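Colleague: Got a structure here, written out as structure tokens. Questions coming.
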Amino acid sequence: MATDKKKYIDLHMHSNYSDGVFSPTELVEQAKSEDLTAIALADHDSLTGIPEALQAGAKQSIEVIPAVELSVQFGRYKDVHLLGYGIDYTNKNFLERLNAFRERRERRNMDILERVNESLVIEKRQVIPLNEVLAHARDAIGRPHIARALLERRYVANVEEAFRRYLIPCNVPKQYWSIKEAITEIRSLGGAAVLAHPTTITNDQQKLCSILKDLAEMGLDGIEVFNNMAFPLESEYLRRAAQELGLIVTGGSDFHGIEEGLKMGRGRGGMRFSANLLPPLRSLLLQRN
């Protein structure tokens, strides 16, 4: 007897409305070619690409979950990433707050570009004009867009070198949401707050366990258990932690379209994200709305 074909998803990707390479339509088309049945567009501090993604998803028969990724701070831990799934992407107050964050991020990235160009002058290389970076961006420039401009000029051999030689040394500190405020905001918009790639906070399981407990008490809804940062044993630890804390489990590639060896719909070691992760998320969003 024939068995049903397994279904796969990817609940974490970025478009060129933030720091990704591809448009929302192109992401949906790639998702179709990868045999994905559902995706979540989670641009950094931006909801602008969601209507386009939803339209493309309807055309390609792919479920698109509106999402956002916020950079937050929890105690001494900075640049922690929080995903908000199923939020009201038309809420005017939230859009105004995101616009303010995006404007600050834009100024930051302009400062980074300026520092990169100062380094290029020291190396007696031509500077990169803003229009070359903007050619890769849609809504606001990000560091991956600067990396692409460096690549096109053949100043670097790959993205990793671009970050190592220029973007990390020329970094400018970010501004962050407080994580409690961000969780509250996502939930007030009818969404689910999910901690992205938790092992990037710390690899110390004892410390991470304490952090997850604190965040669960603040209202965290889930953990991105399956991702490109966690090894299989770490994903299993995160799965058990989610089960013990009553949190939902998600999975996503964090696809930007520029990473070496990273594919949409796949995690570390080529792992795929099962569509079986979707029902608990859908159920939670249905209760919240």
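Residues are named by chain letter and number: chains run A, B, ... in the order of the structure tokens, numbers start at 1 in each chain, and ligands are numbered from 1 in the order shown.
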Could you give me, as a PyMOL selection string, the residues within 8 Å of range 8-20 of chain A, counting only C-alpha atoms and dropping anything in the same chain fewer than 2 positions from it?

Modeller: chain A and resi 6+22-24+27+35-46+48-49+65+136-145+250-258+264-266+272-275

Colleague: If you count only C-alpha atoms, which residues fall within 10 Å of Pro169 in chain A, apart from same-chain ones fewer than 3 positions away, as a PyMOL selection string?

Modeller: chain A and resi 112+115-116+119+163-166+172

Colleague: Let's have the selection written as an mmCIF file, in the first residue's frame, with N, CA, C and O atoms.

Modeller:
```cif
data_model
loop_
_atom_site.group_PDB
_atom_site.id
_atom_site.type_symbol
_atom_site.label_atom_id
_atom_site.label_comp_id
_atom_site.auth_asym_id
_atom_site.auth_seq_id
_atom_site.Cartn_x
_atom_site.Cartn_y
_atom_site.Cartn_z
ATOM 1 N N ILE A 112 28.033 51.501 9.782
ATOM 2 C CA ILE A 112 28.886 50.340 9.496
ATOM 3 C C ILE A 112 29.509 50.478 8.106
ATOM 4 O O ILE A 112 30.706 50.241 7.922
ATOM 5 N N ARG A 115 32.338 52.865 8.204
ATOM 6 C CA ARG A 115 33.533 52.275 8.800
ATOM 7 C C ARG A 115 34.217 51.305 7.835
ATOM 8 O O ARG A 115 35.442 51.254 7.773
ATOM 9 N N VAL A 116 33.398 50.524 7.108
ATOM 10 C CA VAL A 116 33.961 49.608 6.113
ATOM 11 C C VAL A 116 34.742 50.400 5.065
ATOM 12 O O VAL A 116 35.862 50.034 4.680
ATOM 13 N N SER A 119 38.074 51.500 6.229
ATOM 14 C CA SER A 119 39.035 50.394 6.151
ATOM 15 C C SER A 119 39.535 50.196 4.719
ATOM 16 O O SER A 119 40.719 49.939 4.485
ATOM 17 N N PHE A 163 32.478 39.161 6.595
ATOM 18 C CA PHE A 163 32.182 39.429 8.003
ATOM 19 C C PHE A 163 33.461 39.455 8.835
ATOM 20 O O PHE A 163 33.634 40.333 9.683
ATOM 21 N N ARG A 164 34.347 38.496 8.583
ATOM 22 C CA ARG A 164 35.561 38.407 9.398
ATOM 23 C C ARG A 164 36.482 39.614 9.195
ATOM 24 O O ARG A 164 36.992 40.183 10.166
ATOM 25 N N ARG A 165 36.649 40.049 7.952
ATOM 26 C CA ARG A 165 37.607 41.106 7.655
ATOM 27 C C ARG A 165 37.038 42.506 7.841
ATOM 28 O O ARG A 165 37.765 43.445 8.185
ATOM 29 N N TYR A 166 35.729 42.654 7.585
ATOM 30 C CA TYR A 166 35.172 44.003 7.574
ATOM 31 C C TYR A 166 33.990 44.210 8.520
ATOM 32 O O TYR A 166 34.002 45.117 9.359
ATOM 33 N N VAL A 172 28.740 48.284 14.714
ATOM 34 C CA VAL A 172 28.216 49.344 15.572
ATOM 35 C C VAL A 172 27.147 48.713 16.454
ATOM 36 O O VAL A 172 26.300 47.963 15.948
#
```

Colleague: If we count only C-alpha atoms, what is near range 188-196 of chain A at a cut-off of 10 Å, once residues fewer than 6 positions away on the same chain are taken out, given as number ranges by chain?

Modeller: A: 12, 66-70, 80-91, 94, 182, 212, 215, 219-227, 229, 247-252, 254, 281-282, 284-289

Colleague: Save the residues we just selected, N, CA and C atoms, as a compact mmCIF listing (two decimals), in the first residue's frame?

Modeller:
```
# COMPACT_ATOMS: atom_id res chain seq x y z
N HIS A 12 11.33 29.97 9.53
CA HIS A 12 12.26 31.07 9.83
C HIS A 12 13.07 31.41 8.59
N PRO A 66 2.44 34.87 8.86
CA PRO A 66 3.05 36.17 9.13
C PRO A 66 3.90 36.12 10.39
N ALA A 67 5.10 36.65 10.32
CA ALA A 67 6.00 36.60 11.47
C ALA A 67 6.94 37.79 11.46
N VAL A 68 7.65 37.95 12.55
CA VAL A 68 8.65 39.01 12.68
C VAL A 68 9.74 38.49 13.60
N GLU A 69 10.95 38.99 13.44
CA GLU A 69 12.05 38.65 14.36
C GLU A 69 12.55 39.92 15.02
N LEU A 70 12.51 39.93 16.34
CA LEU A 70 12.94 41.09 17.12
C LEU A 70 14.26 40.79 17.81
N VAL A 80 19.62 38.74 21.61
CA VAL A 80 18.82 37.52 21.65
C VAL A 80 17.69 37.71 20.63
N HIS A 81 17.36 36.66 19.88
CA HIS A 81 16.37 36.81 18.82
C HIS A 81 15.05 36.15 19.21
N LEU A 82 13.99 36.91 19.08
CA LEU A 82 12.65 36.45 19.44
C LEU A 82 11.76 36.51 18.22
N LEU A 83 11.13 35.38 17.90
CA LEU A 83 10.23 35.28 16.77
C LEU A 83 8.79 35.49 17.23
N GLY A 84 8.04 36.25 16.47
CA GLY A 84 6.62 36.44 16.74
C GLY A 84 5.80 35.90 15.59
N TYR A 85 5.07 34.79 15.82
CA TYR A 85 4.29 34.14 14.77
C TYR A 85 2.82 34.53 14.84
N GLY A 86 2.21 34.66 13.67
CA GLY A 86 0.77 34.87 13.60
C GLY A 86 0.30 36.19 14.14
N ILE A 87 1.17 37.19 14.14
CA ILE A 87 0.81 38.50 14.70
C ILE A 87 -0.08 39.27 13.73
N ASP A 88 -0.79 40.26 14.26
CA ASP A 88 -1.57 41.17 13.44
C ASP A 88 -0.60 42.12 12.75
N TYR A 89 -0.31 41.84 11.49
CA TYR A 89 0.72 42.62 10.78
C TYR A 89 0.18 43.96 10.26
N THR A 90 -1.08 44.28 10.57
CA THR A 90 -1.65 45.57 10.17
C THR A 90 -1.80 46.53 11.35
N ASN A 91 -1.41 46.11 12.55
CA ASN A 91 -1.58 46.94 13.74
C ASN A 91 -0.73 48.22 13.62
N PHE A 94 2.02 48.98 16.40
CA PHE A 94 3.19 48.12 16.29
C PHE A 94 4.03 48.50 15.08
N ALA A 182 8.94 42.64 24.64
CA ALA A 182 8.73 42.05 23.32
C ALA A 182 7.75 40.88 23.38
N LEU A 212 15.57 29.57 30.05
CA LEU A 212 14.30 29.12 29.48
C LEU A 212 13.19 29.14 30.52
N LEU A 215 12.15 32.77 31.03
CA LEU A 215 11.39 33.28 29.89
C LEU A 215 9.99 32.67 29.83
N GLY A 219 6.11 34.49 29.85
CA GLY A 219 5.09 34.29 28.83
C GLY A 219 5.59 33.76 27.52
N LEU A 220 6.86 33.32 27.46
CA LEU A 220 7.37 32.72 26.23
C LEU A 220 6.49 31.54 25.85
N ASP A 221 6.18 31.43 24.55
CA ASP A 221 5.28 30.38 24.08
C ASP A 221 6.00 29.16 23.51
N GLY A 222 7.21 29.35 23.00
CA GLY A 222 7.85 28.22 22.34
C GLY A 222 9.34 28.40 22.15
N ILE A 223 9.97 27.33 21.66
CA ILE A 223 11.41 27.29 21.42
C ILE A 223 11.65 26.79 20.00
N GLU A 224 12.55 27.46 19.27
CA GLU A 224 12.98 26.97 17.97
C GLU A 224 13.99 25.85 18.21
N VAL A 225 13.47 24.66 18.40
CA VAL A 225 14.29 23.50 18.77
C VAL A 225 15.19 23.08 17.61
N PHE A 226 14.62 23.06 16.41
CA PHE A 226 15.34 22.57 15.24
C PHE A 226 15.81 23.75 14.40
N ASN A 227 17.11 23.91 14.29
CA ASN A 227 17.67 25.06 13.58
C ASN A 227 19.07 24.74 13.09
N MET A 229 21.85 26.13 14.11
CA MET A 229 22.88 26.39 15.11
C MET A 229 23.06 25.22 16.08
N LEU A 247 6.09 24.29 26.45
CA LEU A 247 6.27 25.22 25.33
C LEU A 247 6.16 24.47 24.01
N ILE A 248 5.69 25.17 22.98
CA ILE A 248 5.61 24.55 21.67
C ILE A 248 7.01 24.47 21.05
N VAL A 249 7.14 23.60 20.05
CA VAL A 249 8.42 23.36 19.37
C VAL A 249 8.29 23.81 17.92
N THR A 250 9.27 24.59 17.45
CA THR A 250 9.27 24.99 16.04
C THR A 250 10.63 24.66 15.42
N GLY A 251 10.71 24.87 14.11
CA GLY A 251 11.97 24.63 13.40
C GLY A 251 12.09 25.53 12.19
N GLY A 252 13.30 26.03 11.95
CA GLY A 252 13.50 26.90 10.79
C GLY A 252 14.96 27.05 10.45
N ASP A 254 16.51 29.87 9.20
CA ASP A 254 17.08 31.22 9.30
C ASP A 254 17.74 31.58 7.96
N LEU A 281 1.27 25.00 16.96
CA LEU A 281 1.36 26.44 16.72
C LEU A 281 0.03 26.99 16.25
N ARG A 282 -0.60 26.29 15.32
CA ARG A 282 -1.90 26.74 14.83
C ARG A 282 -2.93 26.78 15.95
N LEU A 284 -2.42 27.17 19.17
CA LEU A 284 -2.13 28.29 20.07
C LEU A 284 -2.61 29.60 19.47
N LEU A 285 -2.34 29.82 18.18
CA LEU A 285 -2.76 31.06 17.53
C LEU A 285 -4.27 31.15 17.47
N LEU A 286 -4.94 30.03 17.28
CA LEU A 286 -6.40 30.04 17.23
C LEU A 286 -6.98 30.44 18.59
N GLN A 287 -6.40 29.93 19.68
CA GLN A 287 -6.84 30.31 21.02
C GLN A 287 -6.62 31.80 21.27
N ARG A 288 -5.51 32.30 20.80
CA ARG A 288 -5.14 33.70 21.08
C ARG A 288 -5.97 34.68 20.28
N ASN A 289 -6.51 34.20 19.16
CA ASN A 289 -7.31 35.09 18.31
C ASN A 289 -8.80 34.85 18.46
```

Colleague: Just the alpha helix (DSSP H) stuff from range 113-236 of chain A, please, per backbone DSSP, written as a ChimeraX atom specification.

Modeller: /A:113-122,130-134,143-152,159-162,179-188,205-218,232-236

Colleague: Taking only C-alpha atoms into account, name the residue in A:Asn228, A:Asn117, A:Met271, A:Thr184 that is nearest to Tyr155 in chain A.

Modeller: A:Asn117
